[in-house]
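**Student:** So I've got this file, target37.csv, and it contains CSV, C-alpha atoms:
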```csv
chain,number,residue,atom,x,y,z
A,1,MET,CA,90.6,87.5,136.4
A,2,ALA,CA,87.6,88.9,134.6
A,3,GLY,CA,88.2,91.2,131.7
A,4,LEU,CA,86.2,93.4,129.3
A,5,LEU,CA,87.1,94.2,125.7
A,6,VAL,CA,85.8,97.4,124.2
A,7,HIS,CA,85.9,98.7,120.6
A,8,GLU,CA,84.6,101.9,119.0
A,9,TRP,CA,82.0,100.6,116.6
A,10,VAL,CA,81.9,97.4,114.5
A,11,ALA,CA,81.7,98.0,110.7
A,12,ALA,CA,80.9,95.2,108.3
A,13,ARG,CA,84.4,95.3,107.0
A,14,GLY,CA,87.5,97.0,108.3
A,15,GLY,CA,91.1,96.5,109.5
A,16,SER,CA,90.4,97.4,113.1
A,17,GLU,CA,87.6,94.8,113.1
A,18,ASN,CA,90.1,92.2,112.0
A,19,VAL,CA,92.2,93.1,115.0
A,20,LEU,CA,89.2,92.9,117.2
A,21,GLU,CA,88.4,89.4,115.9
A,22,ALA,CA,92.0,88.3,116.7
A,23,LEU,CA,91.8,89.8,120.2
A,24,ARG,CA,88.6,87.8,120.8
A,25,GLU,CA,90.5,84.7,119.8
A,26,CYS,CA,93.2,85.5,122.3
A,27,LEU,CA,90.7,86.4,125.0
A,28,PRO,CA,87.7,84.2,124.5
A,29,ASP,CA,86.3,84.6,128.0
A,30,THR,CA,86.1,88.4,127.9
A,31,ASP,CA,82.9,90.3,127.4
A,32,LEU,CA,82.7,92.7,124.5
A,33,TRP,CA,81.1,96.2,124.5
A,34,VAL,CA,80.8,98.5,121.4
A,35,LEU,CA,79.0,101.7,120.5
A,36,TRP,CA,77.1,99.8,117.8
A,37,ASN,CA,77.5,96.5,116.0
A,38,ASP,CA,76.9,96.3,112.2
A,39,ASP,CA,78.3,92.8,111.9
A,40,PRO,CA,76.2,90.7,114.4
A,41,GLN,CA,77.1,87.4,112.8
A,42,ARG,CA,80.8,88.0,113.4
A,43,PHE,CA,80.4,89.5,116.8
A,44,ALA,CA,77.2,87.9,118.1
A,45,THR,CA,77.8,88.5,121.8
A,46,ALA,CA,78.8,92.2,121.6
A,47,GLU,CA,76.8,94.5,123.8
A,48,GLU,CA,75.8,97.9,122.2
A,49,SER,CA,75.6,101.3,123.8
A,50,TRP,CA,72.4,103.4,123.9
A,51,LEU,CA,73.7,105.3,120.8
A,52,ALA,CA,72.8,102.2,118.8
A,53,ARG,CA,69.1,102.7,119.6
A,54,THR,CA,69.0,106.3,118.4
A,55,PRO,CA,69.1,108.0,115.0
A,56,LEU,CA,72.8,108.7,115.7
A,57,ARG,CA,73.7,105.1,115.1
A,58,GLY,CA,76.3,104.9,112.4
A,59,ARG,CA,76.5,108.7,112.1
A,60,ARG,CA,80.0,109.1,113.3
A,61,ALA,CA,80.6,112.8,112.9
A,62,LEU,CA,77.3,113.8,114.5
A,63,SER,CA,77.7,111.5,117.4
A,64,LEU,CA,81.4,112.4,117.9
A,65,PRO,CA,80.9,115.0,120.7
A,66,LEU,CA,78.8,112.5,122.7
A,67,MET,CA,81.1,109.5,122.4
A,68,PRO,CA,83.5,110.5,125.3
A,69,PHE,CA,80.5,110.7,127.6
A,70,VAL,CA,79.0,107.4,126.4
A,71,TRP,CA,82.3,105.7,127.2
A,72,ARG,CA,82.2,106.9,130.8
A,73,SER,CA,78.9,105.1,131.4
A,74,VAL,CA,79.7,101.5,130.4
A,75,LYS,CA,77.8,99.1,132.6
A,76,GLY,CA,79.2,95.7,131.6
A,77,GLY,CA,77.8,92.4,132.8
A,78,ARG,CA,80.0,91.7,135.8
A,79,ASP,CA,82.8,93.0,138.0
A,80,TYR,CA,86.0,93.3,136.0
A,81,ASP,CA,89.6,93.3,137.0
A,82,TRP,CA,90.8,94.9,133.8
A,83,VAL,CA,89.6,96.4,130.5
A,84,LEU,CA,91.3,96.4,127.1
A,85,ALA,CA,90.3,99.1,124.6
A,86,SER,CA,90.8,98.6,120.9
A,87,THR,CA,90.8,102.2,120.1
A,88,HIS,CA,91.1,104.6,117.1
A,89,LEU,CA,88.9,107.3,118.6
A,90,PHE,CA,87.6,107.4,122.2
A,91,ALA,CA,87.2,103.8,123.4
A,92,HIS,CA,90.2,104.3,125.7
A,93,HIS,CA,88.0,106.8,127.7
A,94,VAL,CA,86.1,103.8,129.0
A,95,ARG,CA,85.0,103.7,132.6
A,96,VAL,CA,83.1,100.8,134.1
A,97,ARG,CA,80.8,101.4,137.1
A,98,ARG,CA,83.6,103.6,138.6
A,99,GLN,CA,85.5,100.5,139.4
A,100,PRO,CA,89.3,100.8,140.2
A,101,LEU,CA,90.3,98.5,137.5
A,102,ARG,CA,93.5,98.3,135.3
A,103,LYS,CA,92.9,99.9,132.0
A,104,LEU,CA,94.9,99.1,128.8
A,105,ALA,CA,94.7,100.2,125.2
A,106,TYR,CA,95.6,98.7,121.8
A,107,VAL,CA,95.8,101.9,119.8
A,108,HIS,CA,95.2,101.8,116.0
A,109,THR,CA,95.7,105.6,116.2
A,110,PRO,CA,94.9,108.5,118.5
A,111,ALA,CA,91.8,110.1,116.9
A,112,ARG,CA,93.0,111.4,113.5
A,113,TYR,CA,89.9,113.7,113.4
A,114,ILE,CA,91.4,115.8,116.1
A,115,TRP,CA,95.1,114.9,116.3
A,116,ALA,CA,96.1,114.5,112.6
A,117,PRO,CA,93.4,116.3,110.5
A,118,GLU,CA,96.1,116.8,107.8
A,119,VAL,CA,95.9,113.1,106.9
A,120,ASP,CA,92.1,112.7,107.5
A,121,ALA,CA,89.8,115.0,105.7
A,122,ARG,CA,87.0,114.2,108.1
A,123,GLY,CA,88.8,116.5,110.6
A,124,ASP,CA,87.7,119.4,108.3
A,125,GLY,CA,84.0,118.9,109.1
A,126,LEU,CA,82.3,121.8,110.9
A,127,VAL,CA,81.2,119.7,113.9
A,128,VAL,CA,84.6,118.2,114.3
A,129,ARG,CA,86.4,121.5,114.0
A,130,MET,CA,84.1,123.2,116.5
A,131,ALA,CA,84.7,120.4,119.0
A,132,SER,CA,88.4,119.7,118.4
A,133,SER,CA,90.0,122.0,121.0
A,134,SER,CA,88.0,120.7,123.9
A,135,LEU,CA,88.2,117.1,122.7
A,136,ARG,CA,92.0,117.2,122.4
A,137,TRP,CA,92.3,118.4,126.0
A,138,LEU,CA,89.9,115.7,127.2
A,139,ASP,CA,91.5,113.0,125.1
A,140,ARG,CA,94.9,113.7,126.5
A,141,ARG,CA,93.6,113.7,130.0
A,142,ARG,CA,91.8,110.4,129.6
A,143,ALA,CA,94.9,108.8,128.1
A,144,GLN,CA,96.7,109.4,131.4
A,145,GLU,CA,94.4,106.8,133.0
A,146,LEU,CA,95.8,104.0,130.9
A,147,TYR,CA,98.1,101.6,132.8
A,148,SER,CA,99.7,100.3,129.6
A,149,ILE,CA,99.5,101.1,125.9
A,150,ALA,CA,100.3,99.1,122.7
A,151,ALA,CA,100.6,100.8,119.3
A,152,ASN,CA,100.1,99.1,116.0
A,153,SER,CA,103.3,100.6,114.5
A,154,SER,CA,106.2,102.8,115.3
A,155,TYR,CA,104.5,105.5,113.3
A,156,ILE,CA,101.6,105.4,115.7
A,157,ARG,CA,103.8,105.1,118.7
A,158,ASP,CA,105.3,108.5,117.7
A,159,ARG,CA,101.8,109.9,117.3
A,160,ILE,CA,100.8,108.6,120.7
A,161,GLN,CA,103.9,110.4,122.2
A,162,ARG,CA,103.1,113.7,120.5
A,163,SER,CA,99.4,113.6,121.2
A,164,TRP,CA,99.2,112.1,124.7
A,165,GLY,CA,102.7,112.4,126.1
A,166,ARG,CA,102.7,108.6,126.7
A,167,ASP,CA,105.1,105.9,125.7
A,168,SER,CA,103.9,102.6,124.3
A,169,ARG,CA,105.1,99.3,123.0
A,170,VAL,CA,104.7,98.2,119.3
A,171,ILE,CA,102.6,95.1,118.6
A,172,TYR,CA,102.0,94.8,114.9
A,173,PRO,CA,98.4,93.9,113.9
A,174,PRO,CA,97.6,90.4,112.6
A,175,VAL,CA,97.6,89.8,108.8
A,176,ASN,CA,96.4,86.6,107.2
A,177,VAL,CA,99.9,85.9,105.8
A,178,GLU,CA,99.7,82.2,106.7
A,179,ALA,CA,96.8,81.5,104.3
A,180,ILE,CA,98.4,83.6,101.5
A,181,ILE,CA,101.8,81.8,101.9
A,182,ALA,CA,100.1,78.4,101.9
A,183,GLU,CA,98.9,78.7,98.3
A,184,ASP,CA,101.7,78.8,95.7
A,185,ASP,CA,99.3,79.6,92.9
A,186,TRP,CA,96.0,81.4,93.8
A,187,THR,CA,94.6,80.9,90.3
A,188,ARG,CA,93.8,77.3,91.5
A,189,ARG,CA,91.2,79.0,93.8
A,190,LEU,CA,89.5,81.0,91.1
A,191,SER,CA,86.2,80.5,89.3
A,192,ASP,CA,86.0,80.1,85.6
A,193,ASP,CA,84.7,83.7,85.3
A,194,GLU,CA,87.7,85.0,87.3
A,195,LEU,CA,90.1,83.0,85.2
A,196,ARG,CA,88.7,84.7,82.1
A,197,ILE,CA,89.4,88.1,83.8
A,198,LEU,CA,93.0,87.1,84.3
A,199,ASP,CA,93.2,86.1,80.6
A,200,PHE,CA,92.9,89.8,79.7
A,201,ILE,CA,95.5,91.0,82.3
A,202,PRO,CA,98.9,91.9,80.8
A,203,LYS,CA,101.8,89.5,81.6
A,204,GLU,CA,103.7,92.4,83.2
A,205,PHE,CA,101.9,95.1,85.1
A,206,VAL,CA,101.9,97.5,88.1
A,207,LEU,CA,99.2,96.9,90.6
A,208,GLY,CA,97.2,99.3,92.6
A,209,ALA,CA,94.6,97.8,94.9
A,210,SER,CA,92.4,99.1,97.7
A,211,ARG,CA,89.1,100.9,98.2
A,212,PHE,CA,88.5,103.5,95.5
A,213,VAL,CA,88.6,106.6,97.7
A,214,PRO,CA,90.8,109.6,97.2
A,215,TYR,CA,93.1,109.2,100.2
A,216,LYS,CA,94.2,105.7,99.0
A,217,ARG,CA,96.1,107.5,96.2
A,218,LEU,CA,95.5,104.8,93.5
A,219,ASP,CA,96.4,107.4,90.9
A,220,ALA,CA,100.0,106.9,92.2
A,221,ALA,CA,100.0,103.4,90.6
A,222,VAL,CA,99.2,105.0,87.3
A,223,ARG,CA,101.9,107.5,87.7
A,224,VAL,CA,104.5,104.8,88.5
A,225,GLY,CA,103.3,102.8,85.4
A,226,GLU,CA,103.9,105.9,83.2
A,227,ILE,CA,107.4,106.3,84.6
A,228,LEU,CA,108.2,102.6,84.1
A,229,GLY,CA,106.4,102.2,80.8
A,230,LEU,CA,104.3,99.4,82.1
A,231,PRO,CA,100.5,98.7,82.0
A,232,VAL,CA,98.6,99.2,85.3
A,233,VAL,CA,95.8,97.2,86.9
A,234,LEU,CA,93.6,98.9,89.5
A,235,ALA,CA,91.6,96.5,91.7
A,236,GLY,CA,88.9,97.5,94.1
A,237,GLN,CA,85.6,99.4,94.4
A,238,GLY,CA,84.4,102.7,95.7
A,239,PRO,CA,83.1,106.2,95.0
A,240,ASP,CA,86.3,107.5,93.4
A,241,GLU,CA,86.0,105.1,90.5
A,242,ALA,CA,84.8,107.6,88.0
A,243,ARG,CA,87.6,110.0,88.7
A,244,LEU,CA,90.2,107.2,88.5
A,245,ARG,CA,88.8,106.1,85.2
A,246,ASP,CA,89.1,109.7,83.8
A,247,PHE,CA,92.7,109.9,85.2
A,248,ALA,CA,93.5,106.6,83.6
A,249,THR,CA,92.1,107.6,80.2
A,250,ALA,CA,94.3,110.7,80.3
A,251,SER,CA,97.4,108.7,81.1
A,252,GLY,CA,99.8,107.5,78.4
A,253,ILE,CA,99.6,103.8,79.3
A,254,PRO,CA,97.0,101.0,79.3
A,255,VAL,CA,95.0,100.9,82.6
A,256,GLN,CA,92.7,98.0,83.4
A,257,PHE,CA,90.1,98.0,86.2
A,258,VAL,CA,89.1,94.9,88.1
A,259,THR,CA,86.1,95.9,90.2
A,260,ARG,CA,85.0,94.0,93.3
A,261,PRO,CA,87.7,91.3,93.2
A,262,SER,CA,87.2,88.3,95.5
A,263,THR,CA,89.9,87.6,98.0
A,264,PRO,CA,91.4,84.8,95.9
A,265,LEU,CA,91.4,87.0,92.8
A,266,LEU,CA,93.1,89.8,94.7
A,267,TYR,CA,95.8,87.4,95.9
A,268,ALA,CA,96.2,86.0,92.3
A,269,LEU,CA,96.7,89.6,91.1
A,270,PHE,CA,99.3,90.2,93.9
A,271,GLN,CA,101.2,87.0,92.7
A,272,ARG,CA,101.2,88.1,89.0
A,273,ALA,CA,102.1,91.8,89.5
A,274,GLN,CA,105.7,93.0,89.0
A,275,LEU,CA,105.1,95.7,91.6
A,276,TYR,CA,102.4,96.7,94.1
A,277,VAL,CA,102.2,100.5,94.6
A,278,PHE,CA,100.7,101.7,97.9
A,279,PHE,CA,100.9,105.5,98.4
A,280,ALA,CA,98.3,106.1,101.0
A,281,VAL,CA,99.4,107.5,104.4
A,282,GLU,CA,98.1,104.7,106.7
A,283,ASP,CA,98.5,104.0,110.3
A,284,PHE,CA,99.8,100.5,109.4
A,285,GLY,CA,98.7,99.3,106.0
A,286,ILE,CA,97.6,95.6,105.7
A,287,MET,CA,97.5,95.3,102.0
A,288,PRO,CA,101.3,95.9,101.4
A,289,VAL,CA,101.9,93.0,103.8
A,290,GLU,CA,99.5,90.8,101.9
A,291,ALA,CA,101.3,91.7,98.7
A,292,MET,CA,104.7,90.8,100.2
A,293,ALA,CA,103.2,87.5,101.5
A,294,ALA,CA,102.3,86.7,97.9
A,295,GLY,CA,106.0,87.4,97.0
A,296,THR,CA,105.4,90.7,95.3
A,297,PRO,CA,107.7,93.7,96.1
A,298,VAL,CA,106.0,97.0,97.2
A,299,LEU,CA,106.7,100.6,96.5
A,300,ALA,CA,105.3,102.6,99.5
A,301,ASN,CA,105.0,106.1,100.7
A,302,SER,CA,107.8,107.0,103.2
A,303,LEU,CA,105.1,108.8,105.3
A,304,GLY,CA,102.9,106.6,107.4
A,305,GLY,CA,103.1,103.0,108.7
A,306,ALA,CA,103.1,101.1,105.4
A,307,GLY,CA,106.7,101.9,104.6
A,308,GLU,CA,107.7,100.5,108.0
A,309,SER,CA,106.5,97.0,107.1
A,310,VAL,CA,108.1,97.2,103.7
A,311,LEU,CA,111.5,98.2,105.2
A,312,THR,CA,111.2,95.7,108.0
A,313,CYS,CA,110.6,92.8,105.6
A,314,ARG,CA,113.1,94.1,103.1
A,315,GLY,CA,110.3,93.8,100.6
A,316,GLY,CA,110.6,96.8,98.4
A,317,ALA,CA,111.3,100.5,98.7
A,318,VAL,CA,109.8,103.7,100.1
A,319,VAL,CA,109.8,107.1,98.4
A,320,ARG,CA,108.7,110.6,99.5
A,321,GLY,CA,107.6,111.7,96.0
A,322,LEU,CA,106.7,110.2,92.7
A,323,ASP,CA,109.2,112.0,90.4
A,324,SER,CA,111.0,109.9,87.9
A,325,SER,CA,114.3,109.9,89.6
A,326,SER,CA,112.9,108.8,92.9
A,327,VAL,CA,110.9,106.0,91.4
A,328,LEU,CA,113.7,104.7,89.2
A,329,ALA,CA,116.1,104.8,92.1
A,330,ALA,CA,113.6,102.8,94.1
A,331,MET,CA,113.3,100.2,91.3
A,332,GLY,CA,117.0,99.7,91.6
A,333,GLU,CA,116.5,98.5,95.2
A,334,ILE,CA,113.4,96.5,94.3
A,335,SER,CA,115.1,94.6,91.5
A,336,GLY,CA,117.1,92.6,94.1
A,337,VAL,CA,114.1,91.4,96.1
A,338,ASP,CA,113.7,87.6,96.1
A,339,GLY,CA,110.0,86.9,96.1
A,340,GLN,CA,110.2,83.4,97.8
A,341,ALA,CA,112.4,84.7,100.6
A,342,LEU,CA,110.2,87.7,101.0
A,343,ARG,CA,107.1,85.5,101.6
A,344,GLY,CA,108.8,83.9,104.6
A,345,ARG,CA,109.8,87.2,106.1
A,346,THR,CA,106.2,88.3,106.3
A,347,THR,CA,105.4,85.7,109.1
A,348,MET,CA,106.4,88.4,111.5
A,349,PHE,CA,103.0,89.8,110.9
A,350,SER,CA,101.1,86.5,111.4
A,351,ARG,CA,98.0,86.0,113.5
A,352,GLU,CA,99.9,83.5,115.6
A,353,ARG,CA,102.6,86.0,116.4
A,354,PHE,CA,100.0,88.6,117.3
A,355,GLY,CA,98.3,86.3,119.8
A,356,VAL,CA,101.6,85.5,121.4
A,357,GLU,CA,102.6,89.1,121.8
A,358,ILE,CA,99.2,90.2,123.1
A,359,SER,CA,99.3,87.3,125.7
A,360,ASP,CA,102.8,88.2,126.8
A,361,TRP,CA,101.8,91.9,127.2
A,362,LEU,CA,98.8,91.1,129.3
A,363,HIS,CA,100.7,88.7,131.5
A,364,GLU,CA,103.4,91.3,132.1
A,365,VAL,CA,100.8,94.0,132.9
A,366,MET,CA,98.9,91.7,135.3
A,367,ASP,CA,102.2,90.8,137.0
A,368,GLY,CA,103.0,94.5,137.3
A,369,ALA,CA,106.1,94.3,135.1
A,370,ASP,CA,104.9,96.9,132.6
A,371,GLY,CA,104.0,100.4,133.6
```
Can I see the file as structure tokens?
**Tutor:**
Amino acid sequence: MAGLLVHEWVAARGGSENVLEALRECLPDTDLWVLWNDDPQRFATAEESWLARTPLRGRRALSLPLMPFVWRSVKGGRDYDWVLASTHLFAHHVRVRRQPLRKLAYVHTPARYIWAPEVDARGDGLVVRMASSSLRWLDRRRAQELYSIAANSSYIRDRIQRSWGRDSRVIYPPVNVEAIIAEDDWTRRLSDDELRILDFIPKEFVLGASRFVPYKRLDAAVRVGEILGLPVVLAGQGPDEARLRDFATASGIPVQFVTRPSTPLLYALFQRAQLYVFFAVEDFGIMPVEAMAAGTPVLANSLGGAGESVLTCRGGAVVRGLDSSSVLAAMGEISGVDGQALRGRTTMFSRERFGVEISDWLHEVMDGADG
């Protein structure tokens, strides 16, 4: 049975692109169609929409009102029996040559721009706000066309229910836990320059790591460091770096920045940290799982999908706020986490497990067992 895989747009780096890559591994014979492709080496066979040939390429907010209509005019290269949308905006609106095919969706989230603007500042843009009401109506209507839906977390399953009135199954996204677990000491993978960076890192520290953007809440790691009286290391890069440095300077503890860490250096920092703090409200949250695969406990926000993986793996604690009493109570739970046992529990998020669950889902759908 011929299938088509569709995805919003392909960025050079991103969590949804990692899921797309894993889906391609599961479904190597499917065609791939995207709005535009900014990583042609990784996805060499992807077919782009006509938006990719216009000045709107890459301009997500401006092209947003057009996207639902672009998805209704997908041509594809052959006749398809089914289509699977990897969607976090409107890819699930896809229609192929008006064919009566079976349509499925792996949902990273219903469009936060229009369904959850309180957790995505991009929903405050003028263009988005003007279009939101009609887009919500249209999005909910198109979601009724889906034969079956998989969500990347229980948190997103609940959002799907609220937004679209549809149920879904949870299939956690793939995380590269096998590779992290396979290396007991990531310092063996570091260059001499990276080893010198580690020489200046405190022996005990709280780690915050992600892109330096406001919604990632890296200031939370500094706050936790202040409460615990521990130094903090912030690793990453991004436009929020200057504000974070000012915030760190004003704190009462040493804060060290590691900018643009390589993947091995990031994993080495995970292994050395006493605690990884992740306070962003994410749909799933890959980095907390990576930290736990390195054997490091996580303190996560109780809002969003990150806390779900922490609680499922028994790999730390979740808190609603960062007041001293909440953080100290959470540390009481974290103190009992065995790092080696924790690493083994993270295999439930492996790429192999993801492939098995995706294949099982598709087989059930094609056999008519899942509606």
**Student:** With distances taken over all atoms listed in the file, which residue among A:Val281, A:Ala300, A:Cys313, A:Ile227 lies nearest Glu118 of chain A?
**Tutor:** A:Val281
**Student:** For atom CA of Ala248 of chain A and atom CA of Glu333 of chain A, quote the distance in Å rounded to one decimal.
**Tutor:**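 These atoms are spaced 27.0 Å apart.
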**Student:** Rank A:Ala182, A:Ile156, A:Ala116, A:Leu20 by their smallest atom-to-atom distance to Gly355 of chain A, using all atoms listed in the file, and report the top residue only.
**Tutor:**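 Of A:Ala182, A:Ile156, A:Ala116, A:Leu20, the one nearest Gly355 of chain A, counting all atoms listed in the file, is A:Leu20.
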**Student:** A:Thr249, A:Arg189, A:Phe205, A:Glu308: which is nearest Thr296 of chain A, counting only C-alpha atoms?
**Tutor:**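 That would be A:Phe205, the residue with the smallest distance to Thr296 of chain A.
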**Student:** Smallest atom-to-atom distance to Pro68 of chain A: which of A:Ile114, A:Leu138, A:Arg345, A:Ala179, using only C-alpha atoms?
**Tutor:**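 Closest to Pro68 of chain A of all the choices is A:Leu138.
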**Student:** Counting all atoms listed in the file, what is within 12 Å of segment 263-267 of chain A, bar same-chain residues fewer than 5 positions away, as an mmCIF file with C-alpha atoms, keeping the file's coordinate frame?
**Tutor:**
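File written: selection26.cif
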```cif
data_model
loop_
_atom_site.group_PDB
_atom_site.id
_atom_site.type_symbol
_atom_site.label_atom_id
_atom_site.label_comp_id
_atom_site.auth_asym_id
_atom_site.auth_seq_id
_atom_site.Cartn_x
_atom_site.Cartn_y
_atom_site.Cartn_z
ATOM 1 C CA ASN A 176 96.400 86.600 107.200
ATOM 2 C CA VAL A 177 99.900 85.900 105.800
ATOM 3 C CA ALA A 179 96.800 81.500 104.300
ATOM 4 C CA ILE A 180 98.400 83.600 101.500
ATOM 5 C CA ILE A 181 101.800 81.800 101.900
ATOM 6 C CA ALA A 182 100.100 78.400 101.900
ATOM 7 C CA GLU A 183 98.900 78.700 98.300
ATOM 8 C CA ASP A 184 101.700 78.800 95.700
ATOM 9 C CA ASP A 185 99.300 79.600 92.900
ATOM 10 C CA TRP A 186 96.000 81.400 93.800
ATOM 11 C CA THR A 187 94.600 80.900 90.300
ATOM 12 C CA ARG A 188 93.800 77.300 91.500
ATOM 13 C CA ARG A 189 91.200 79.000 93.800
ATOM 14 C CA LEU A 190 89.500 81.000 91.100
ATOM 15 C CA SER A 191 86.200 80.500 89.300
ATOM 16 C CA ASP A 192 86.000 80.100 85.600
ATOM 17 C CA ASP A 193 84.700 83.700 85.300
ATOM 18 C CA GLU A 194 87.700 85.000 87.300
ATOM 19 C CA LEU A 195 90.100 83.000 85.200
ATOM 20 C CA ARG A 196 88.700 84.700 82.100
ATOM 21 C CA ILE A 197 89.400 88.100 83.800
ATOM 22 C CA LEU A 198 93.000 87.100 84.300
ATOM 23 C CA ILE A 201 95.500 91.000 82.300
ATOM 24 C CA LEU A 207 99.200 96.900 90.600
ATOM 25 C CA GLY A 208 97.200 99.300 92.600
ATOM 26 C CA ALA A 209 94.600 97.800 94.900
ATOM 27 C CA SER A 210 92.400 99.100 97.700
ATOM 28 C CA VAL A 233 95.800 97.200 86.900
ATOM 29 C CA LEU A 234 93.600 98.900 89.500
ATOM 30 C CA ALA A 235 91.600 96.500 91.700
ATOM 31 C CA GLY A 236 88.900 97.500 94.100
ATOM 32 C CA VAL A 258 89.100 94.900 88.100
ATOM 33 C CA ARG A 272 101.200 88.100 89.000
ATOM 34 C CA ALA A 273 102.100 91.800 89.500
ATOM 35 C CA TYR A 276 102.400 96.700 94.100
ATOM 36 C CA MET A 287 97.500 95.300 102.000
ATOM 37 C CA PRO A 288 101.300 95.900 101.400
ATOM 38 C CA VAL A 289 101.900 93.000 103.800
ATOM 39 C CA GLU A 290 99.500 90.800 101.900
ATOM 40 C CA ALA A 291 101.300 91.700 98.700
ATOM 41 C CA MET A 292 104.700 90.800 100.200
ATOM 42 C CA ALA A 293 103.200 87.500 101.500
ATOM 43 C CA ALA A 294 102.300 86.700 97.900
ATOM 44 C CA GLY A 295 106.000 87.400 97.000
ATOM 45 C CA THR A 296 105.400 90.700 95.300
#
```
**Student:** Looking at only C-alpha atoms, which of A:Arg112, A:Pro239, A:Glu178, A:Val255 is the one that sits closest to Thr347 of chain A?
**Tutor:**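 Checking each candidate against Thr347 of chain A, we get A:Glu178 as the closest.
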**Student:** Would you mind completing segment 275-287 of chain A to N, CA and C atoms and writing the output as a short mmCIF file (atom, residue, chain, number, x, y, z; two decimals), keeping the file's coordinate frame?
**Tutor:**
```
data_model
loop_
_atom_site.label_atom_id
_atom_site.label_comp_id
_atom_site.auth_asym_id
_atom_site.auth_seq_id
_atom_site.Cartn_x
_atom_site.Cartn_y
_atom_site.Cartn_z
N LEU A 275 104.93 94.67 90.56
CA LEU A 275 105.10 95.70 91.60
C LEU A 275 103.74 96.06 92.16
N TYR A 276 103.62 96.18 93.47
CA TYR A 276 102.40 96.70 94.10
C TYR A 276 102.74 98.11 94.62
N VAL A 277 101.96 99.10 94.19
CA VAL A 277 102.20 100.50 94.60
C VAL A 277 101.15 100.86 95.65
N PHE A 278 101.62 101.34 96.80
CA PHE A 278 100.70 101.70 97.90
C PHE A 278 101.21 103.08 98.42
N PHE A 279 100.45 104.14 98.06
CA PHE A 279 100.90 105.50 98.40
C PHE A 279 100.05 106.20 99.42
N ALA A 280 99.08 105.50 100.00
CA ALA A 280 98.30 106.10 101.00
C ALA A 280 99.09 106.30 102.31
N VAL A 281 98.75 107.33 103.08
CA VAL A 281 99.40 107.50 104.40
C VAL A 281 98.49 106.81 105.41
N GLU A 282 98.90 105.61 105.77
CA GLU A 282 98.10 104.70 106.70
C GLU A 282 98.79 104.61 108.02
N ASP A 283 97.96 104.23 109.01
CA ASP A 283 98.50 104.00 110.30
C ASP A 283 99.40 102.76 110.35
N PHE A 284 99.01 101.74 109.60
CA PHE A 284 99.80 100.50 109.40
C PHE A 284 99.87 100.13 107.97
N GLY A 285 98.76 99.67 107.42
CA GLY A 285 98.70 99.30 106.00
C GLY A 285 98.80 97.75 105.87
N ILE A 286 97.64 97.09 105.82
CA ILE A 286 97.60 95.60 105.70
C ILE A 286 97.90 95.13 104.34
N MET A 287 97.38 95.81 103.32
CA MET A 287 97.50 95.30 102.00
C MET A 287 98.97 95.19 101.48
#
```
